[in-house]
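S.K.: To be precise about what I am sending: the file is called protein30.csv and holds CSV, C-alpha atoms.
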chain,number,residue,atom,x,y,z
A,1,MET,CA,-70.2,212.1,-76.1
A,2,THR,CA,-66.9,212.8,-74.3
A,3,THR,CA,-64.3,214.8,-76.3
A,4,LEU,CA,-60.6,214.6,-75.9
A,5,ALA,CA,-59.1,216.9,-73.3
A,6,PHE,CA,-55.7,217.3,-74.9
A,7,GLU,CA,-54.1,217.5,-78.3
A,8,MET,CA,-52.9,214.1,-79.5
A,9,PRO,CA,-49.2,214.0,-80.5
A,10,PRO,CA,-48.3,212.9,-84.0
A,11,HIS,CA,-48.0,209.1,-84.5
A,12,ALA,CA,-49.9,208.3,-81.3
A,13,CYS,CA,-50.6,204.6,-80.9
A,14,ASP,CA,-53.2,202.4,-79.2
A,15,CYS,CA,-50.9,199.5,-78.1
A,16,HIS,CA,-53.5,196.9,-77.3
A,17,THR,CA,-56.6,196.1,-79.4
A,18,HIS,CA,-58.3,193.0,-80.8
A,19,VAL,CA,-60.4,192.1,-83.9
A,20,PHE,CA,-63.1,189.4,-84.1
A,21,PRO,CA,-64.2,189.4,-87.8
A,22,ASP,CA,-67.6,188.0,-88.7
A,23,SER,CA,-66.2,185.4,-91.1
A,24,PRO,CA,-66.0,181.6,-91.3
A,25,ASN,CA,-62.3,182.1,-92.3
A,26,TYR,CA,-61.5,182.8,-88.7
A,27,ALA,CA,-62.7,179.9,-86.5
A,28,TYR,CA,-62.7,180.2,-82.7
A,29,SER,CA,-60.6,177.7,-80.8
A,30,SER,CA,-62.6,174.9,-79.1
A,31,ALA,CA,-60.4,175.5,-76.1
A,32,ARG,CA,-61.5,179.1,-75.7
A,33,LYS,CA,-62.8,180.4,-72.3
A,34,TYR,CA,-65.3,182.9,-73.8
A,35,THR,CA,-67.0,183.8,-77.0
A,36,PRO,CA,-66.7,187.5,-77.9
A,37,PRO,CA,-69.1,189.5,-80.1
A,38,PHE,CA,-67.8,190.3,-83.6
A,39,ALA,CA,-65.6,193.4,-84.0
A,40,SER,CA,-64.4,194.3,-87.5
A,41,VAL,CA,-61.3,196.0,-88.8
A,42,ALA,CA,-63.6,198.8,-90.1
A,43,GLN,CA,-65.0,199.3,-86.6
A,44,LEU,CA,-61.5,199.5,-85.2
A,45,ARG,CA,-60.4,202.0,-87.7
A,46,THR,CA,-63.4,204.2,-87.0
A,47,THR,CA,-62.7,204.0,-83.3
A,48,LEU,CA,-59.0,204.9,-83.8
A,49,LYS,CA,-59.9,207.8,-86.1
A,50,GLY,CA,-62.3,209.2,-83.5
A,51,LEU,CA,-59.6,209.2,-80.9
A,52,HIS,CA,-56.9,210.6,-83.3
A,53,LEU,CA,-54.7,207.5,-83.0
A,54,PRO,CA,-53.1,206.8,-86.3
A,55,ARG,CA,-51.1,203.8,-85.1
A,56,VAL,CA,-52.4,200.6,-83.6
A,57,VAL,CA,-51.1,197.3,-82.2
A,58,ILE,CA,-53.4,194.3,-82.7
A,59,VAL,CA,-52.9,191.6,-80.1
A,60,GLN,CA,-53.8,188.0,-80.7
A,61,PRO,CA,-56.8,187.2,-78.4
A,62,SER,CA,-57.0,183.9,-76.6
A,63,VAL,CA,-60.2,182.8,-78.5
A,64,TYR,CA,-58.1,182.0,-81.6
A,65,GLY,CA,-55.4,180.0,-79.9
A,66,SER,CA,-52.2,180.1,-82.0
A,67,ASP,CA,-54.0,180.7,-85.3
A,68,ASN,CA,-53.0,184.3,-85.9
A,69,ALA,CA,-54.8,184.7,-89.3
A,70,ALA,CA,-57.4,187.2,-88.1
A,71,THR,CA,-54.9,189.4,-86.3
A,72,LEU,CA,-52.4,189.3,-89.2
A,73,ASP,CA,-55.0,189.9,-91.8
A,74,ALA,CA,-56.2,193.0,-89.9
A,75,VAL,CA,-52.6,194.3,-89.9
A,76,ASP,CA,-52.4,193.7,-93.6
A,77,GLU,CA,-55.7,195.6,-94.2
A,78,ILE,CA,-54.7,198.6,-92.2
A,79,GLY,CA,-51.1,198.5,-93.5
A,80,GLN,CA,-47.8,198.1,-91.7
A,81,GLN,CA,-47.0,201.8,-91.7
A,82,HIS,CA,-49.8,202.1,-89.2
A,83,ALA,CA,-50.3,198.6,-87.6
A,84,ARG,CA,-48.3,196.0,-85.8
A,85,ALA,CA,-49.2,192.6,-84.4
A,86,VAL,CA,-48.5,190.7,-81.2
A,87,VAL,CA,-49.0,187.0,-81.9
A,88,VAL,CA,-49.3,183.7,-80.1
A,89,ILE,CA,-47.1,180.8,-81.0
A,90,ASP,CA,-46.7,177.1,-79.9
A,91,ASP,CA,-43.9,174.6,-80.0
A,92,ARG,CA,-44.5,174.0,-83.7
A,93,ALA,CA,-43.2,177.5,-84.5
A,94,THR,CA,-40.1,177.1,-86.7
A,95,ASP,CA,-37.7,179.9,-87.6
A,96,ALA,CA,-39.2,180.1,-91.0
A,97,TYR,CA,-42.7,180.6,-89.5
A,98,LEU,CA,-41.4,183.3,-87.2
A,99,GLU,CA,-39.8,185.0,-90.1
A,100,ALA,CA,-43.1,184.9,-92.0
A,101,LEU,CA,-44.8,186.4,-88.9
A,102,HIS,CA,-42.2,189.2,-88.9
A,103,GLU,CA,-42.8,190.0,-92.5
A,104,ALA,CA,-46.5,190.1,-91.7
A,105,GLY,CA,-45.9,192.8,-89.0
A,106,ALA,CA,-45.5,190.7,-85.8
A,107,ARG,CA,-43.2,192.2,-83.3
A,108,GLY,CA,-44.0,190.3,-80.1
A,109,VAL,CA,-45.4,187.1,-78.6
A,110,ARG,CA,-48.1,187.0,-76.0
A,111,LEU,CA,-48.0,184.6,-73.1
A,112,ASN,CA,-51.5,184.8,-71.7
A,113,LEU,CA,-50.9,183.0,-68.4
A,114,GLU,CA,-54.3,184.0,-67.1
A,115,MET,CA,-56.2,182.3,-69.8
A,116,LEU,CA,-53.9,179.3,-69.6
A,117,ALA,CA,-54.8,179.1,-65.9
A,118,GLU,CA,-51.0,178.8,-65.3
A,119,HIS,CA,-50.1,179.8,-61.7
A,120,ASP,CA,-46.9,177.8,-61.1
A,121,PRO,CA,-43.9,180.1,-61.1
A,122,ALA,CA,-41.4,177.4,-62.0
A,123,ARG,CA,-43.4,176.3,-65.1
A,124,CYS,CA,-43.9,180.0,-66.0
A,125,LYS,CA,-40.2,180.7,-65.8
A,126,THR,CA,-39.4,177.8,-68.1
A,127,LEU,CA,-42.0,179.0,-70.6
A,128,ILE,CA,-40.7,182.5,-70.6
A,129,ARG,CA,-37.1,181.5,-71.0
A,130,HIS,CA,-38.0,179.1,-73.8
A,131,THR,CA,-40.0,181.9,-75.6
A,132,ALA,CA,-37.2,184.4,-75.1
A,133,ARG,CA,-34.7,182.1,-76.8
A,134,LYS,CA,-36.9,182.0,-79.9
A,135,LEU,CA,-37.2,185.8,-80.0
A,136,SER,CA,-33.8,187.1,-79.0
A,137,ALA,CA,-32.4,187.3,-82.5
A,138,ARG,CA,-35.5,189.1,-83.9
A,139,GLY,CA,-35.9,192.2,-81.8
A,140,TRP,CA,-39.3,191.1,-80.6
A,141,HIS,CA,-40.7,191.3,-77.1
A,142,ILE,CA,-42.7,189.0,-74.7
A,143,GLN,CA,-46.0,190.3,-73.6
A,144,LEU,CA,-47.3,188.8,-70.3
A,145,TYR,CA,-50.9,188.7,-69.0
A,146,SER,CA,-51.3,187.4,-65.5
A,147,GLN,CA,-52.1,188.5,-62.0
A,148,LEU,CA,-49.8,190.8,-60.1
A,149,GLY,CA,-48.7,188.2,-57.5
A,150,LEU,CA,-47.5,185.8,-60.2
A,151,ILE,CA,-45.7,188.5,-62.2
A,152,ALA,CA,-43.9,189.6,-59.1
A,153,SER,CA,-42.7,186.0,-58.5
A,154,LEU,CA,-41.2,186.0,-61.9
A,155,ALA,CA,-39.1,189.1,-61.4
A,156,ASP,CA,-35.7,187.4,-61.3
A,157,VAL,CA,-36.3,185.8,-64.7
A,158,LEU,CA,-37.8,189.0,-66.2
A,159,GLY,CA,-34.8,191.0,-65.1
A,160,GLU,CA,-32.3,188.7,-66.8
A,161,LEU,CA,-33.9,188.3,-70.3
A,162,ASP,CA,-32.3,189.8,-73.4
A,163,VAL,CA,-35.7,190.6,-74.9
A,164,PRO,CA,-38.1,193.4,-73.8
A,165,VAL,CA,-41.0,192.4,-71.5
A,166,VAL,CA,-44.4,194.1,-71.6
A,167,LEU,CA,-46.9,193.7,-68.8
A,168,ASP,CA,-50.6,193.9,-69.7
A,169,HIS,CA,-53.2,196.1,-68.0
A,170,PHE,CA,-51.3,197.8,-65.2
A,171,ALA,CA,-49.7,194.4,-64.4
A,172,ARG,CA,-53.1,193.5,-63.0
A,173,THR,CA,-52.8,195.6,-59.9
A,174,ASN,CA,-55.8,196.0,-57.7
A,175,ALA,CA,-56.7,199.7,-57.6
A,176,ALA,CA,-58.4,199.4,-54.2
A,177,ASP,CA,-55.2,198.1,-52.6
A,178,GLY,CA,-53.2,201.1,-53.7
A,179,VAL,CA,-49.5,201.4,-54.1
A,180,ARG,CA,-48.6,199.4,-51.0
A,181,GLN,CA,-50.2,196.2,-52.2
A,182,PRO,CA,-47.9,193.2,-52.2
A,183,GLY,CA,-45.9,192.8,-55.4
A,184,PHE,CA,-46.3,196.4,-56.7
A,185,ASP,CA,-42.9,197.4,-55.4
A,186,VAL,CA,-41.4,194.6,-57.5
A,187,ILE,CA,-43.1,195.9,-60.6
A,188,LEU,CA,-41.9,199.4,-59.9
A,189,GLU,CA,-38.3,198.1,-59.6
A,190,LEU,CA,-38.6,196.2,-62.9
A,191,VAL,CA,-39.9,199.4,-64.6
A,192,ARG,CA,-37.2,201.6,-63.0
A,193,ALA,CA,-34.5,199.3,-64.2
A,194,GLY,CA,-35.9,199.2,-67.7
A,195,HIS,CA,-36.7,195.5,-67.5
A,196,ALA,CA,-40.4,195.8,-68.1
A,197,TYR,CA,-42.9,198.0,-70.0
A,198,VAL,CA,-46.4,198.4,-68.5
A,199,LYS,CA,-49.5,199.0,-70.5
A,200,LEU,CA,-51.7,201.7,-69.0
A,201,SER,CA,-54.7,199.9,-70.3
A,202,ALA,CA,-58.2,198.5,-69.5
A,203,PRO,CA,-58.6,200.3,-66.1
A,204,TYR,CA,-61.9,198.5,-65.7
A,205,LEU,CA,-60.0,195.2,-65.1
A,206,CYS,CA,-58.2,196.8,-62.1
A,207,SER,CA,-60.7,199.3,-60.6
A,208,ASN,CA,-64.3,199.2,-59.2
A,209,ASP,CA,-64.6,203.0,-59.7
A,210,ALA,CA,-65.8,203.2,-63.4
A,211,PRO,CA,-66.0,205.5,-65.2
A,212,ARG,CA,-63.8,207.9,-63.1
A,213,TYR,CA,-61.2,205.4,-62.0
A,214,ASP,CA,-60.0,207.8,-59.3
A,215,ASP,CA,-58.8,204.8,-57.2
A,216,LEU,CA,-56.3,204.0,-60.0
A,217,ALA,CA,-54.6,207.4,-60.1
A,218,ASP,CA,-51.9,206.8,-57.5
A,219,ILE,CA,-50.9,203.5,-59.2
A,220,ALA,CA,-50.8,205.0,-62.7
A,221,GLN,CA,-48.7,208.0,-61.5
A,222,ALA,CA,-46.3,205.8,-59.6
A,223,LEU,CA,-45.7,203.7,-62.7
A,224,ILE,CA,-45.2,206.7,-64.9
A,225,GLU,CA,-42.9,208.4,-62.4
A,226,ALA,CA,-40.8,205.2,-62.1
A,227,ASN,CA,-39.9,205.3,-65.8
A,228,PRO,CA,-41.9,207.1,-68.4
A,229,ALA,CA,-39.8,205.5,-71.1
A,230,ARG,CA,-41.3,202.1,-70.1
A,231,MET,CA,-45.0,203.2,-70.3
A,232,LEU,CA,-47.5,202.4,-73.1
A,233,TRP,CA,-51.1,203.4,-73.5
A,234,ALA,CA,-53.8,201.1,-74.8
A,235,SER,CA,-57.5,200.8,-74.9
A,236,ASN,CA,-58.1,197.0,-75.0
A,237,TRP,CA,-60.8,197.7,-77.7
A,238,PRO,CA,-63.4,196.2,-78.2
A,239,HIS,CA,-63.1,195.6,-74.4
A,240,PRO,CA,-63.8,191.9,-74.2
A,241,ASN,CA,-65.2,190.8,-70.8
A,242,PRO,CA,-64.9,187.0,-70.3
A,243,VAL,CA,-66.6,186.9,-67.0
A,244,HIS,CA,-69.7,184.9,-67.8
A,245,ALA,CA,-70.0,181.1,-67.5
A,246,PHE,CA,-68.7,179.7,-70.8
A,247,THR,CA,-70.9,177.9,-73.3
A,248,ALA,CA,-69.9,177.7,-77.0
A,249,ASP,CA,-73.1,179.5,-78.1
A,250,ARG,CA,-73.2,182.2,-75.5
A,251,VAL,CA,-71.7,185.6,-76.4
A,252,SER,CA,-70.0,187.4,-73.6
A,253,PRO,CA,-71.0,191.1,-73.9
A,254,PRO,CA,-68.1,193.5,-73.9
A,255,GLU,CA,-67.4,196.0,-71.2
A,256,GLN,CA,-69.1,199.4,-72.0
A,257,VAL,CA,-66.2,201.9,-72.2
A,258,ASP,CA,-66.1,205.6,-72.9
A,259,GLY,CA,-63.0,205.6,-75.1
A,260,ALA,CA,-62.3,209.3,-75.0
A,261,GLY,CA,-63.0,209.4,-71.3
A,262,VAL,CA,-60.5,206.7,-70.6
A,263,LEU,CA,-57.9,208.3,-72.8
A,264,ASN,CA,-58.5,211.6,-71.0
A,265,LEU,CA,-57.3,210.0,-67.8
A,266,LEU,CA,-53.8,210.1,-69.2
A,267,ALA,CA,-53.8,213.9,-69.1
A,268,LYS,CA,-54.5,213.6,-65.4
A,269,TRP,CA,-51.9,210.9,-64.8
A,270,ALA,CA,-49.2,212.6,-67.0
A,271,PRO,CA,-50.0,216.3,-67.2
A,272,ASP,CA,-46.6,217.0,-68.9
A,273,THR,CA,-47.0,217.1,-72.7
A,274,ALA,CA,-43.6,215.7,-73.3
A,275,VAL,CA,-44.3,212.7,-71.0
A,276,ARG,CA,-47.6,212.0,-72.8
A,277,ARG,CA,-45.8,212.2,-76.2
A,278,ARG,CA,-43.3,209.6,-75.0
A,279,ILE,CA,-46.1,207.3,-73.7
A,280,LEU,CA,-48.4,207.7,-76.7
A,281,ALA,CA,-45.9,207.9,-79.6
A,282,ASP,CA,-42.2,207.6,-78.8
A,283,ASN,CA,-42.2,204.4,-76.8
A,284,PRO,CA,-44.5,202.5,-79.2
A,285,ALA,CA,-42.5,203.6,-82.2
A,286,SER,CA,-39.3,202.2,-80.6
A,287,LEU,CA,-40.8,199.0,-79.2
A,288,TYR,CA,-42.9,198.0,-82.2
A,289,GLY,CA,-40.5,199.3,-84.9
A,290,PHE,CA,-42.9,201.7,-86.7
A,291,PRO,CA,-41.4,203.5,-89.7
A,292,THR,CA,-39.9,206.9,-88.8
A,293,GLY,CA,-41.3,210.1,-90.2
A,294,GLU,CA,-44.6,208.6,-91.3
Please go through the file and, once you have read it, give me the structure as structure tokens.

M.R.:
Amino acid sequence: MTTLAFEMPPHACDCHTHVFPDSPNYAYSSARKYTPPFASVAQLRTTLKGLHLPRVVIVQPSVYGSDNAATLDAVDEIGQQHARAVVVIDDRATDAYLEALHEAGARGVRLNLEMLAEHDPARCKTLIRHTARKLSARGWHIQLYSQLGLIASLADVLGELDVPVVLDHFARTNAADGVRQPGFDVILELVRAGHAYVKLSAPYLCSNDAPRYDDLADIAQALIEANPARMLWASNWPHPNPVHAFTADRVSPPEQVDGAGVLNLLAKWAPDTAVRRRILADNPASLYGFPTGE
């Protein structure tokens, strides 16, 4: 078993995980694109403990649609001193509902453009502006999941928002195409200007070089050098992998990931201890509003 190659800073946070409890209380959406295997809060806590990550962000997965019960119940079980949520909302979300979500530990809204199969920049810009208006008074952020090309086409809107923006999974760059791939320069400029955070997460979604991911090093280092104050680290546990043809009764096996091995990559990409502390602890504390000194 791989061991951690560096000392974890206090209050380190995994900024992107999911839970899929084995309970009839949490029904999957009929519109889902895949069926994940069950993954409990207890399993998540064990994984976090093994990686010395006392804080966690639980992100609403697409399989539950806008029913955030499983995600929020997981935050409640872990406790808000250690856990936060990123939720999914729809047009029915009232101010009272958003306030209830905030009280339950939510600090962001996810727009999963990939799972929505939304590729039209104009419609995406309208959705992003509409969502930002709902969040601007709450100190929340928008979390975007889409392909690099589409994200780059949204840069003008992302740069004008009055809420933070977080881009999932290396902004879905393609490791094989390197730092000169179309659109990556746009992402770097958003990061340099402080208009976007990027999650250094789920390298298997960007690279064909598992488990070393050497082809991702230049991209990761370019993002970190652009603005370490806008970097976050995350695992994407339990590593859902919705690549199989969907049927309601077919479980899509997760990606097999060496958690400590992937976390050790950060020591290569960010060899400076202070930079790693910022990525693992300081940036999440600020963005997700974790209690100070706990």

S.K.: So which residues fall inside 9 Å of (-68.3, 180.2, -73.6) if we count all atoms listed in the file? Mind giving them as a PDB file with C-alpha atoms, in the frame of the given file?

M.R.:
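Output (point_30.pdb):
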ATOM      1  CA  ARG A  32     -61.500 179.100 -75.700  1.00  0.00           C
ATOM      2  CA  LYS A  33     -62.800 180.400 -72.300  1.00  0.00           C
ATOM      3  CA  TYR A  34     -65.300 182.900 -73.800  1.00  0.00           C
ATOM      4  CA  THR A  35     -67.000 183.800 -77.000  1.00  0.00           C
ATOM      5  CA  PRO A  36     -66.700 187.500 -77.900  1.00  0.00           C
ATOM      6  CA  PRO A 242     -64.900 187.000 -70.300  1.00  0.00           C
ATOM      7  CA  HIS A 244     -69.700 184.900 -67.800  1.00  0.00           C
ATOM      8  CA  ALA A 245     -70.000 181.100 -67.500  1.00  0.00           C
ATOM      9  CA  PHE A 246     -68.700 179.700 -70.800  1.00  0.00           C
ATOM     10  CA  THR A 247     -70.900 177.900 -73.300  1.00  0.00           C
ATOM     11  CA  ALA A 248     -69.900 177.700 -77.000  1.00  0.00           C
ATOM     12  CA  ASP A 249     -73.100 179.500 -78.100  1.00  0.00           C
ATOM     13  CA  ARG A 250     -73.200 182.200 -75.500  1.00  0.00           C
ATOM     14  CA  VAL A 251     -71.700 185.600 -76.400  1.00  0.00           C
ATOM     15  CA  SER A 252     -70.000 187.400 -73.600  1.00  0.00           C
TER      16      SER A 252
END

S.K.: So how far away is atom CA of Trp269 of chain A from atom CA of Arg230 of chain A, in Å?

M.R.: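 These two atoms are separated by 14.8 Å.
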
S.K.: Extract, using only C-alpha atoms, all DNA, RNA and protein residues at most 12 Å from segment 100-102 of chain A, discarding same-chain residues fewer than 3 positions from it, and format them as a VMD selection string.

M.R.: chain A and resid 66 to 69 71 to 73 75 to 76 80 84 to 89 93 to 97 105 to 109 135 137 to 140 288 to 289

S.K.: Counting all atoms listed in the file, what is within 10 Å of Ala270 of chain A, bar same-chain residues fewer than 3 positions away, as a PyMOL selection string?

M.R.: chain A and resi 220-221+224-225+228+265-267+273-277+279

S.K.: Can I get the selected residues back with C-alpha atoms, as a PDB file, in the frame of the given file?

M.R.:
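Listed below is the output, out-v4.pdb:
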ATOM      1  CA  ALA A 220     -50.800 205.000 -62.700  1.00  0.00           C
ATOM      2  CA  GLN A 221     -48.700 208.000 -61.500  1.00  0.00           C
ATOM      3  CA  ILE A 224     -45.200 206.700 -64.900  1.00  0.00           C
ATOM      4  CA  GLU A 225     -42.900 208.400 -62.400  1.00  0.00           C
ATOM      5  CA  PRO A 228     -41.900 207.100 -68.400  1.00  0.00           C
ATOM      6  CA  LEU A 265     -57.300 210.000 -67.800  1.00  0.00           C
ATOM      7  CA  LEU A 266     -53.800 210.100 -69.200  1.00  0.00           C
ATOM      8  CA  ALA A 267     -53.800 213.900 -69.100  1.00  0.00           C
ATOM      9  CA  THR A 273     -47.000 217.100 -72.700  1.00  0.00           C
ATOM     10  CA  ALA A 274     -43.600 215.700 -73.300  1.00  0.00           C
ATOM     11  CA  VAL A 275     -44.300 212.700 -71.000  1.00  0.00           C
ATOM     12  CA  ARG A 276     -47.600 212.000 -72.800  1.00  0.00           C
ATOM     13  CA  ARG A 277     -45.800 212.200 -76.200  1.00  0.00           C
ATOM     14  CA  ILE A 279     -46.100 207.300 -73.700  1.00  0.00           C
TER      15      ILE A 279
END

S.K.: Report as a JSON list (two decimals) with C-alpha atoms, keeping the file's coordinate frame all protein, DNA and RNA residues lying within 9 Å of Val157 of chain A, evaluated on all atoms listed in the file, omitting residues in the same chain fewer than 2 positions from it.

M.R.:
[["chain", "number", "residue", "atom", "x", "y", "z"],
["A", 125, "LYS", "CA", -40.20, 180.70, -65.80],
["A", 128, "ILE", "CA", -40.70, 182.50, -70.60],
["A", 129, "ARG", "CA", -37.10, 181.50, -71.00],
["A", 153, "SER", "CA", -42.70, 186.00, -58.50],
["A", 154, "LEU", "CA", -41.20, 186.00, -61.90],
["A", 155, "ALA", "CA", -39.10, 189.10, -61.40],
["A", 159, "GLY", "CA", -34.80, 191.00, -65.10],
["A", 160, "GLU", "CA", -32.30, 188.70, -66.80],
["A", 161, "LEU", "CA", -33.90, 188.30, -70.30]]

S.K.: To one decimal place in Å, what is the distance between atom CA of Cys13 of chain A and atom CA of Leu127 of chain A?

M.R.: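 Result for atom CA of Cys13 of chain A versus atom CA of Leu127 of chain A: 28.9 Å, one decimal.
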
S.K.: Which residue gives the smallest distance to Ser29 of chain A among A:Ile142, A:Ala285, A:Leu44, A:Val63, with only C-alpha atoms counted?

M.R.: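 Between A:Ile142, A:Ala285, A:Leu44, A:Val63, the residue approaching Ser29 of chain A most closely is A:Val63.
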
S.K.: Between atom CA of Arg172 of chain A and atom CA of Tyr145 of chain A, what is the distance, to one decimal in Å?

M.R.: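 One can read the atom CA of Arg172 of chain A to atom CA of Tyr145 of chain A distance as 8.0 Å.
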
S.K.: For Asp168 of chain A, which residue out of A:Met115, A:Leu188, A:Leu232, A:Ala281 is the nearest one, using only C-alpha atoms?

M.R.: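 For Asp168 of chain A, the nearest of the given residues is A:Leu232.
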
S.K.: Find the residue from A:His18, A:Arg123, A:Arg192, A:Arg55 that sits nearest to Val41 of chain A; use only C-alpha atoms when measuring.

M.R.: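 When distances to Val41 of chain A are compared using only C-alpha atoms, the smallest one comes from A:His18.
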
S.K.: When you count all atoms listed in the file, which of these residues is closest to Cys206 of chain A: A:Ala176, A:Ile58, A:Ala117, A:Cys15?

M.R.: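 With all atoms listed in the file as the atom set, the closest residue is A:Ala176.
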